file coords_2.pdb (PDB, C-alpha atoms and all ligand atoms)
ATOM      1  CA  MET S   1     -22.778  -9.056  -0.745
ATOM      2  CA  SER S   2     -21.010  -7.531  -3.641
ATOM      3  CA  LYS S   3     -17.500  -7.209  -4.862
ATOM      4  CA  ILE S   4     -16.131  -3.719  -4.325
ATOM      5  CA  ILE S   5     -14.263  -2.601  -7.415
ATOM      6  CA  ARG S   6     -12.090   0.456  -7.393
ATOM      7  CA  TYR S   7     -11.560   2.265 -10.677
ATOM      8  CA  CYS S   8      -9.453   5.167 -11.848
ATOM      9  CA  LYS S   9     -11.509   7.980 -13.325
ATOM     10  CA  LEU S  10      -8.676   8.898 -15.653
ATOM     11  CA  ASN S  11      -9.102   5.582 -17.474
ATOM     12  CA  GLU S  12     -12.712   4.543 -17.105
ATOM     13  CA  GLU S  13     -16.091   5.671 -15.865
ATOM     14  CA  HIS S  14     -19.055   3.838 -14.398
ATOM     15  CA  TYR S  15     -22.611   5.027 -14.051
ATOM     16  CA  GLY S  16     -25.761   3.790 -12.390
ATOM     17  CA  PRO S  17     -27.012   2.932  -8.924
ATOM     18  CA  ASN S  18     -23.989   0.729  -8.183
ATOM     19  CA  ALA S  19     -21.352   3.313  -9.161
ATOM     20  CA  PHE S  20     -20.021   5.900  -6.732
ATOM     21  CA  ASP S  21     -17.702   8.722  -7.587
ATOM     22  CA  VAL S  22     -15.755   9.252  -4.372
ATOM     23  CA  SER S  23     -13.330  11.809  -5.789
ATOM     24  CA  ARG S  24     -13.325  15.447  -4.797
ATOM     25  CA  PRO S  25     -15.537  17.502  -4.643
ATOM     26  CA  ASN S  26     -18.115  14.735  -4.134
ATOM     27  CA  ILE S  27     -19.432  14.006  -0.663
ATOM     28  CA  PHE S  28     -17.014  11.105  -0.073
ATOM     29  CA  GLY S  29     -14.027  13.013  -1.414
ATOM     30  CA  ASN S  30     -10.980  13.167   0.840
ATOM     31  CA  PRO S  31     -10.575  16.667   2.341
ATOM     32  CA  TYR S  32      -6.899  15.808   2.955
ATOM     33  CA  THR S  33      -4.257  15.736   0.267
ATOM     34  CA  HIS S  34      -0.517  15.505  -0.174
ATOM     35  CA  ILE S  35      -0.730  17.173  -3.605
ATOM     36  CA  LYS S  36       1.413  20.274  -3.681
ATOM     37  CA  ASN S  37       2.349  21.063  -7.232
ATOM     38  CA  ARG S  38      -1.104  21.621  -8.698
ATOM     39  CA  GLU S  39      -4.550  22.969  -8.011
ATOM     40  CA  THR S  40      -6.668  20.755  -5.750
ATOM     41  CA  LYS S  41     -10.121  20.913  -4.219
ATOM     42  CA  ALA S  42      -8.836  19.433  -0.962
ATOM     43  CA  GLN S  43      -9.165  21.624   2.104
ATOM     44  CA  VAL S  44      -6.209  20.371   4.126
ATOM     45  CA  LYS S  45      -2.679  19.697   2.883
ATOM     46  CA  VAL S  46      -0.568  17.066   4.595
ATOM     47  CA  LYS S  47       2.901  15.655   3.920
ATOM     48  CA  THR S  48       2.245  12.222   2.481
ATOM     49  CA  ARG S  49      -0.412  10.174   0.698
ATOM     50  CA  ASP S  50      -0.409   7.700   3.606
ATOM     51  CA  GLU S  51      -1.116  10.514   6.039
ATOM     52  CA  ALA S  52      -3.973  11.842   3.883
ATOM     53  CA  ILE S  53      -5.551   8.384   3.787
ATOM     54  CA  ALA S  54      -4.981   7.678   7.490
ATOM     55  CA  LEU S  55      -6.746  10.951   8.351
ATOM     56  CA  TYR S  56      -9.721  10.023   6.197
ATOM     57  CA  ASP S  57     -10.660   7.156   8.520
ATOM     58  CA  PRO S  58     -11.496   9.273  11.621
ATOM     59  CA  TYR S  59     -12.897  11.983   9.324
ATOM     60  CA  PHE S  60     -15.362   9.415   7.953
ATOM     61  CA  ASP S  61     -16.443   8.354  11.460
ATOM     62  CA  ASN S  62     -16.905  11.984  12.463
ATOM     63  CA  MET S  63     -19.041  12.672   9.413
ATOM     64  CA  LEU S  64     -21.357   9.853  10.442
ATOM     65  CA  LYS S  65     -21.903  11.691  13.741
ATOM     66  CA  ASP S  66     -21.952  15.213  12.293
ATOM     67  CA  ASP S  67     -25.341  16.863  12.799
ATOM     68  CA  SER S  68     -24.873  19.518  10.122
ATOM     69  CA  GLU S  69     -26.546  19.392   6.708
ATOM     70  CA  VAL S  70     -23.355  18.004   5.179
ATOM     71  CA  GLY S  71     -23.328  15.262   7.781
ATOM     72  CA  GLU S  72     -26.892  14.419   6.934
ATOM     73  CA  ARG S  73     -26.090  14.209   3.227
ATOM     74  CA  PHE S  74     -23.024  12.116   4.030
ATOM     75  CA  ARG S  75     -25.135   9.597   5.972
ATOM     76  CA  GLU S  76     -27.766   9.473   3.226
ATOM     77  CA  GLU S  77     -25.123   8.694   0.638
ATOM     78  CA  TRP S  78     -23.482   6.202   2.978
ATOM     79  CA  ASP S  79     -26.788   4.351   3.407
ATOM     80  CA  ARG S  80     -27.337   4.422  -0.350
ATOM     81  CA  MET S  81     -23.869   2.976  -0.958
ATOM     82  CA  TYR S  82     -24.348   0.334   1.715
ATOM     83  CA  GLU S  83     -27.704  -0.730   0.251
ATOM     84  CA  ALA S  84     -26.070  -0.966  -3.188
ATOM     85  CA  TYR S  85     -23.301  -3.062  -1.660
ATOM     86  CA  LYS S  86     -25.902  -5.473  -0.312
ATOM     87  CA  THR S  87     -27.999  -5.476  -3.491
ATOM     88  CA  TYR S  88     -25.663  -5.660  -6.478
ATOM     89  CA  ASP S  89     -23.047  -8.211  -7.484
ATOM     90  CA  GLU S  90     -20.470  -5.478  -7.800
ATOM     91  CA  ILE S  91     -20.197  -1.876  -6.816
ATOM     92  CA  TYR S  92     -17.741   0.635  -8.232
ATOM     93  CA  LEU S  93     -15.786   3.261  -6.333
ATOM     94  CA  GLY S  94     -14.158   5.830  -8.570
ATOM     95  CA  CYS S  95     -11.324   8.206  -7.792
ATOM     96  CA  PHE S  96      -8.532   9.907  -9.724
ATOM     97  CA  CYS S  97      -5.850   7.925  -7.897
ATOM     98  CA  ASN S  98      -3.902   5.459  -9.935
ATOM     99  CA  LEU S  99      -4.834   1.853  -9.176
ATOM    100  CA  SER S 100      -1.229   1.182  -8.196
ATOM    101  CA  GLU S 101      -1.502   3.800  -5.442
ATOM    102  CA  THR S 102      -3.376   3.584  -2.171
ATOM    103  CA  CYS S 103      -6.524   5.691  -2.060
ATOM    104  CA  HIS S 104      -9.085   6.839   0.517
ATOM    105  CA  SER S 105     -11.558   4.592  -1.306
ATOM    106  CA  ASP S 106      -9.679   1.694   0.319
ATOM    107  CA  VAL S 107     -10.921   3.133   3.627
ATOM    108  CA  ILE S 108     -14.482   3.332   2.263
ATOM    109  CA  LYS S 109     -14.217  -0.298   1.161
ATOM    110  CA  LYS S 110     -13.092  -1.282   4.664
ATOM    111  CA  LYS S 111     -16.015   0.669   6.175
ATOM    112  CA  LEU S 112     -18.513  -1.160   3.951
ATOM    113  CA  ILE S 113     -17.166  -4.541   4.988
ATOM    114  CA  GLN S 114     -17.115  -3.536   8.673
ATOM    115  CA  ARG S 115     -20.695  -2.297   8.501
ATOM    116  CA  SER S 116     -21.921  -5.555   7.022
ATOM    117  CA  MET S 117     -19.974  -7.589   9.609
ATOM    118  CA  LYS S 118     -21.564  -5.546  12.393
ATOM    119  CA  GLU S 119     -24.986  -6.028  10.889
ATOM    120  CA  LYS S 120     -24.457  -9.786  10.644
ATOM    121  CA  LEU S 121     -23.262  -9.964  14.239
ATOM    122  CA  SER S 122     -26.210  -8.030  15.568
ATOM    123  CA  LYS S 123     -28.559 -10.316  13.622
ATOM    124  CA  ILE S 124     -26.912 -13.356  15.185
ATOM    125  CA  LYS S 125     -27.201 -11.779  18.642
ATOM    126  CA  ALA S 126     -30.872 -10.992  18.048
ATOM    127  CA  GLU S 127     -31.503 -14.589  16.969
ATOM    128  CA  ARG S 128     -29.803 -15.896  20.103
ATOM    129  CA  LYS S 129     -31.910 -13.648  22.311
ATOM    130  CA  LYS S 130     -35.055 -15.065  20.760
ATOM    131  CA  LYS S 131     -33.961 -18.594  21.654
ATOM    132  CA  ASP S 132     -33.203 -17.734  25.301
TER     133      ASP S 132
HETATM  134 ZN    ZN A 201      -8.186   8.368  -4.507
END
call {"tool": "encode", "arguments": {"input": "coords_2.pdb", "output": "structure tokens"}}
result
Amino acid sequence: MSKIIRYCKLNEEHYGPNAFDVSRPNIFGNPYTHIKNRETKAQVKVKTRDEAIALYDPYFDNMLKDDSEVGERFREEWDRMYEAYKTYDEIYLGCFCNLSETCHSDVIKKKLIQRSMKEKLSKIKAERKKKD
């Protein structure tokens, strides 16, 4: 299980199979934004950063169930990220947010950890069933 490292694309860049650019307009970009004073690729404007990030959580879950082509691509990338999380010592999530600010990549990080917890639990359950 790897360490999930968030980085700010304004200051650094990471490449390779363990680096994921989650900024807009990439597949994991947040369609919600609170940005008002400049051009943005976000589709939906909301009042605050916290709101934009809170909305990303159910959006993410919906994308995993979405049967459109975008949903399919989202799941493929999600599986690729999850495999990287299990394979490498560290994985990088890049966004334009400052590291001092909260970011939707915090939600992605949470989702990775939750997915691995679920996987561990189902393995334990499967082991128990075998013993019964
Ligand atoms: Zn961000």
call {"tool": "residues_near_ligand", "arguments": {"input": "coords_2.pdb", "ligand": "ligand ZN 201 (chain A)", "cutoff": "9 Å", "atoms": "only C-alpha atoms and all ligand atoms", "output": "MDAnalysis selection string"}}
result
chainID S and resid 8 22:24 29:30 53 94:99 101:106
call {"tool": "closest_residue", "arguments": {"input": "coords_2.pdb", "among": "S:Thr33, S:Thr40, S:Ser68, S:Ser122", "to": "Leu55 in chain S", "atoms": "only C-alpha atoms"}}
result
S:Thr33
call {"tool": "residues_around", "arguments": {"input": "coords_2.pdb", "residues": "Tyr82 in chain S", "least_positions_apart": "5", "cutoff": "9 Å", "atoms": "all atoms listed in the file", "output": "PyMOL selection string"}}
result
chain S and resi 77+87+112+115-116
call {"tool": "atom_distance", "arguments": {"input": "coords_2.pdb", "atom1": "CA of Leu93 in chain S", "atom2": "CA of Ile35 in chain S"}}
result
20.7 Å
call {"tool": "residues_around", "arguments": {"input": "coords_2.pdb", "residues": "Lys86 in chain S", "least_positions_apart": "2", "cutoff": "7 Å", "atoms": "only C-alpha atoms", "output": "list of chain:residue names"}}
result
S:Met1, S:Ser2, S:Tyr82, S:Glu83, S:Ala84, S:Tyr88
call {"tool": "decode", "arguments": {"input": "coords_2.pdb", "residues": "range 37-108 of chain S", "atoms": "C-alpha atoms", "output": "mmCIF file, in the first residue's frame"}}
result
data_model
loop_
_atom_site.group_PDB
_atom_site.id
_atom_site.type_symbol
_atom_site.label_atom_id
_atom_site.label_comp_id
_atom_site.auth_asym_id
_atom_site.auth_seq_id
_atom_site.Cartn_x
_atom_site.Cartn_y
_atom_site.Cartn_z
ATOM 1 C CA ASN S 37 -12.881 35.871 -11.310
ATOM 2 C CA ARG S 38 -11.165 33.929 -14.079
ATOM 3 C CA GLU S 39 -11.680 31.458 -16.871
ATOM 4 C CA THR S 40 -12.233 27.877 -15.700
ATOM 5 C CA LYS S 41 -12.948 24.543 -17.332
ATOM 6 C CA ALA S 42 -15.378 23.612 -14.561
ATOM 7 C CA GLN S 43 -18.967 23.046 -15.615
ATOM 8 C CA VAL S 44 -20.756 24.062 -12.428
ATOM 9 C CA LYS S 45 -20.075 27.118 -10.269
ATOM 10 C CA VAL S 46 -20.807 26.985 -6.560
ATOM 11 C CA LYS S 47 -20.279 29.442 -3.704
ATOM 12 C CA THR S 48 -17.354 28.018 -1.780
ATOM 13 C CA ARG S 49 -14.351 25.720 -2.153
ATOM 14 C CA ASP S 50 -15.775 23.471 0.584
ATOM 15 C CA GLU S 51 -19.016 23.126 -1.343
ATOM 16 C CA ALA S 52 -17.164 22.278 -4.572
ATOM 17 C CA ILE S 53 -15.213 19.553 -2.774
ATOM 18 C CA ALA S 54 -18.235 18.200 -0.885
ATOM 19 C CA LEU S 55 -20.102 17.842 -4.196
ATOM 20 C CA TYR S 56 -17.216 15.924 -5.723
ATOM 21 C CA ASP S 57 -17.765 12.984 -3.367
ATOM 22 C CA PRO S 58 -21.249 11.964 -4.638
ATOM 23 C CA TYR S 59 -20.184 12.941 -8.172
ATOM 24 C CA PHE S 60 -17.346 10.406 -7.917
ATOM 25 C CA ASP S 61 -19.709 7.650 -6.726
ATOM 26 C CA ASN S 62 -22.119 8.438 -9.549
ATOM 27 C CA MET S 63 -19.345 8.257 -12.120
ATOM 28 C CA LEU S 64 -18.514 4.756 -10.925
ATOM 29 C CA LYS S 65 -22.103 3.768 -11.761
ATOM 30 C CA ASP S 66 -22.412 5.839 -14.943
ATOM 31 C CA ASP S 67 -22.917 3.617 -17.988
ATOM 32 C CA SER S 68 -21.870 6.229 -20.540
ATOM 33 C CA GLU S 69 -18.505 6.218 -22.315
ATOM 34 C CA VAL S 70 -17.188 8.809 -19.867
ATOM 35 C CA GLY S 71 -18.230 6.589 -16.990
ATOM 36 C CA GLU S 72 -16.402 3.700 -18.555
ATOM 37 C CA ARG S 73 -13.239 5.764 -18.962
ATOM 38 C CA PHE S 74 -13.610 7.001 -15.390
ATOM 39 C CA ARG S 75 -13.751 3.423 -14.064
ATOM 40 C CA GLU S 76 -10.778 2.370 -16.193
ATOM 41 C CA GLU S 77 -8.701 5.214 -14.819
ATOM 42 C CA TRP S 78 -9.949 4.507 -11.309
ATOM 43 C CA ASP S 79 -8.832 0.871 -11.589
ATOM 44 C CA ARG S 80 -5.482 1.989 -12.984
ATOM 45 C CA MET S 81 -4.995 4.404 -10.083
ATOM 46 C CA TYR S 82 -6.044 1.790 -7.548
ATOM 47 C CA GLU S 83 -3.620 -0.776 -8.994
ATOM 48 C CA ALA S 84 -0.845 1.838 -8.842
ATOM 49 C CA TYR S 85 -1.789 2.539 -5.234
ATOM 50 C CA LYS S 86 -1.361 -1.144 -4.430
ATOM 51 C CA THR S 87 1.828 -1.540 -6.474
ATOM 52 C CA TYR S 88 4.045 1.477 -5.845
ATOM 53 C CA ASP S 89 5.545 2.891 -2.665
ATOM 54 C CA GLU S 90 4.079 6.273 -3.450
ATOM 55 C CA ILE S 91 1.551 7.648 -5.846
ATOM 56 C CA TYR S 92 1.168 11.286 -6.827
ATOM 57 C CA LEU S 93 -2.055 13.220 -7.267
ATOM 58 C CA GLY S 94 -1.584 16.551 -8.982
ATOM 59 C CA CYS S 95 -3.895 19.542 -9.044
ATOM 60 C CA PHE S 96 -3.532 23.309 -9.346
ATOM 61 C CA CYS S 97 -4.769 23.869 -5.795
ATOM 62 C CA ASN S 98 -2.276 25.201 -3.337
ATOM 63 C CA LEU S 99 -1.134 22.585 -0.828
ATOM 64 C CA SER S 100 -2.407 24.798 1.981
ATOM 65 C CA GLU S 101 -5.925 24.589 0.538
ATOM 66 C CA THR S 102 -8.304 21.656 0.559
ATOM 67 C CA CYS S 103 -8.717 19.986 -2.818
ATOM 68 C CA HIS S 104 -10.965 17.372 -4.439
ATOM 69 C CA SER S 105 -7.875 15.153 -4.564
ATOM 70 C CA ASP S 106 -8.366 14.752 -0.800
ATOM 71 C CA VAL S 107 -11.645 13.028 -1.710
ATOM 72 C CA ILE S 108 -9.836 10.803 -4.231
#
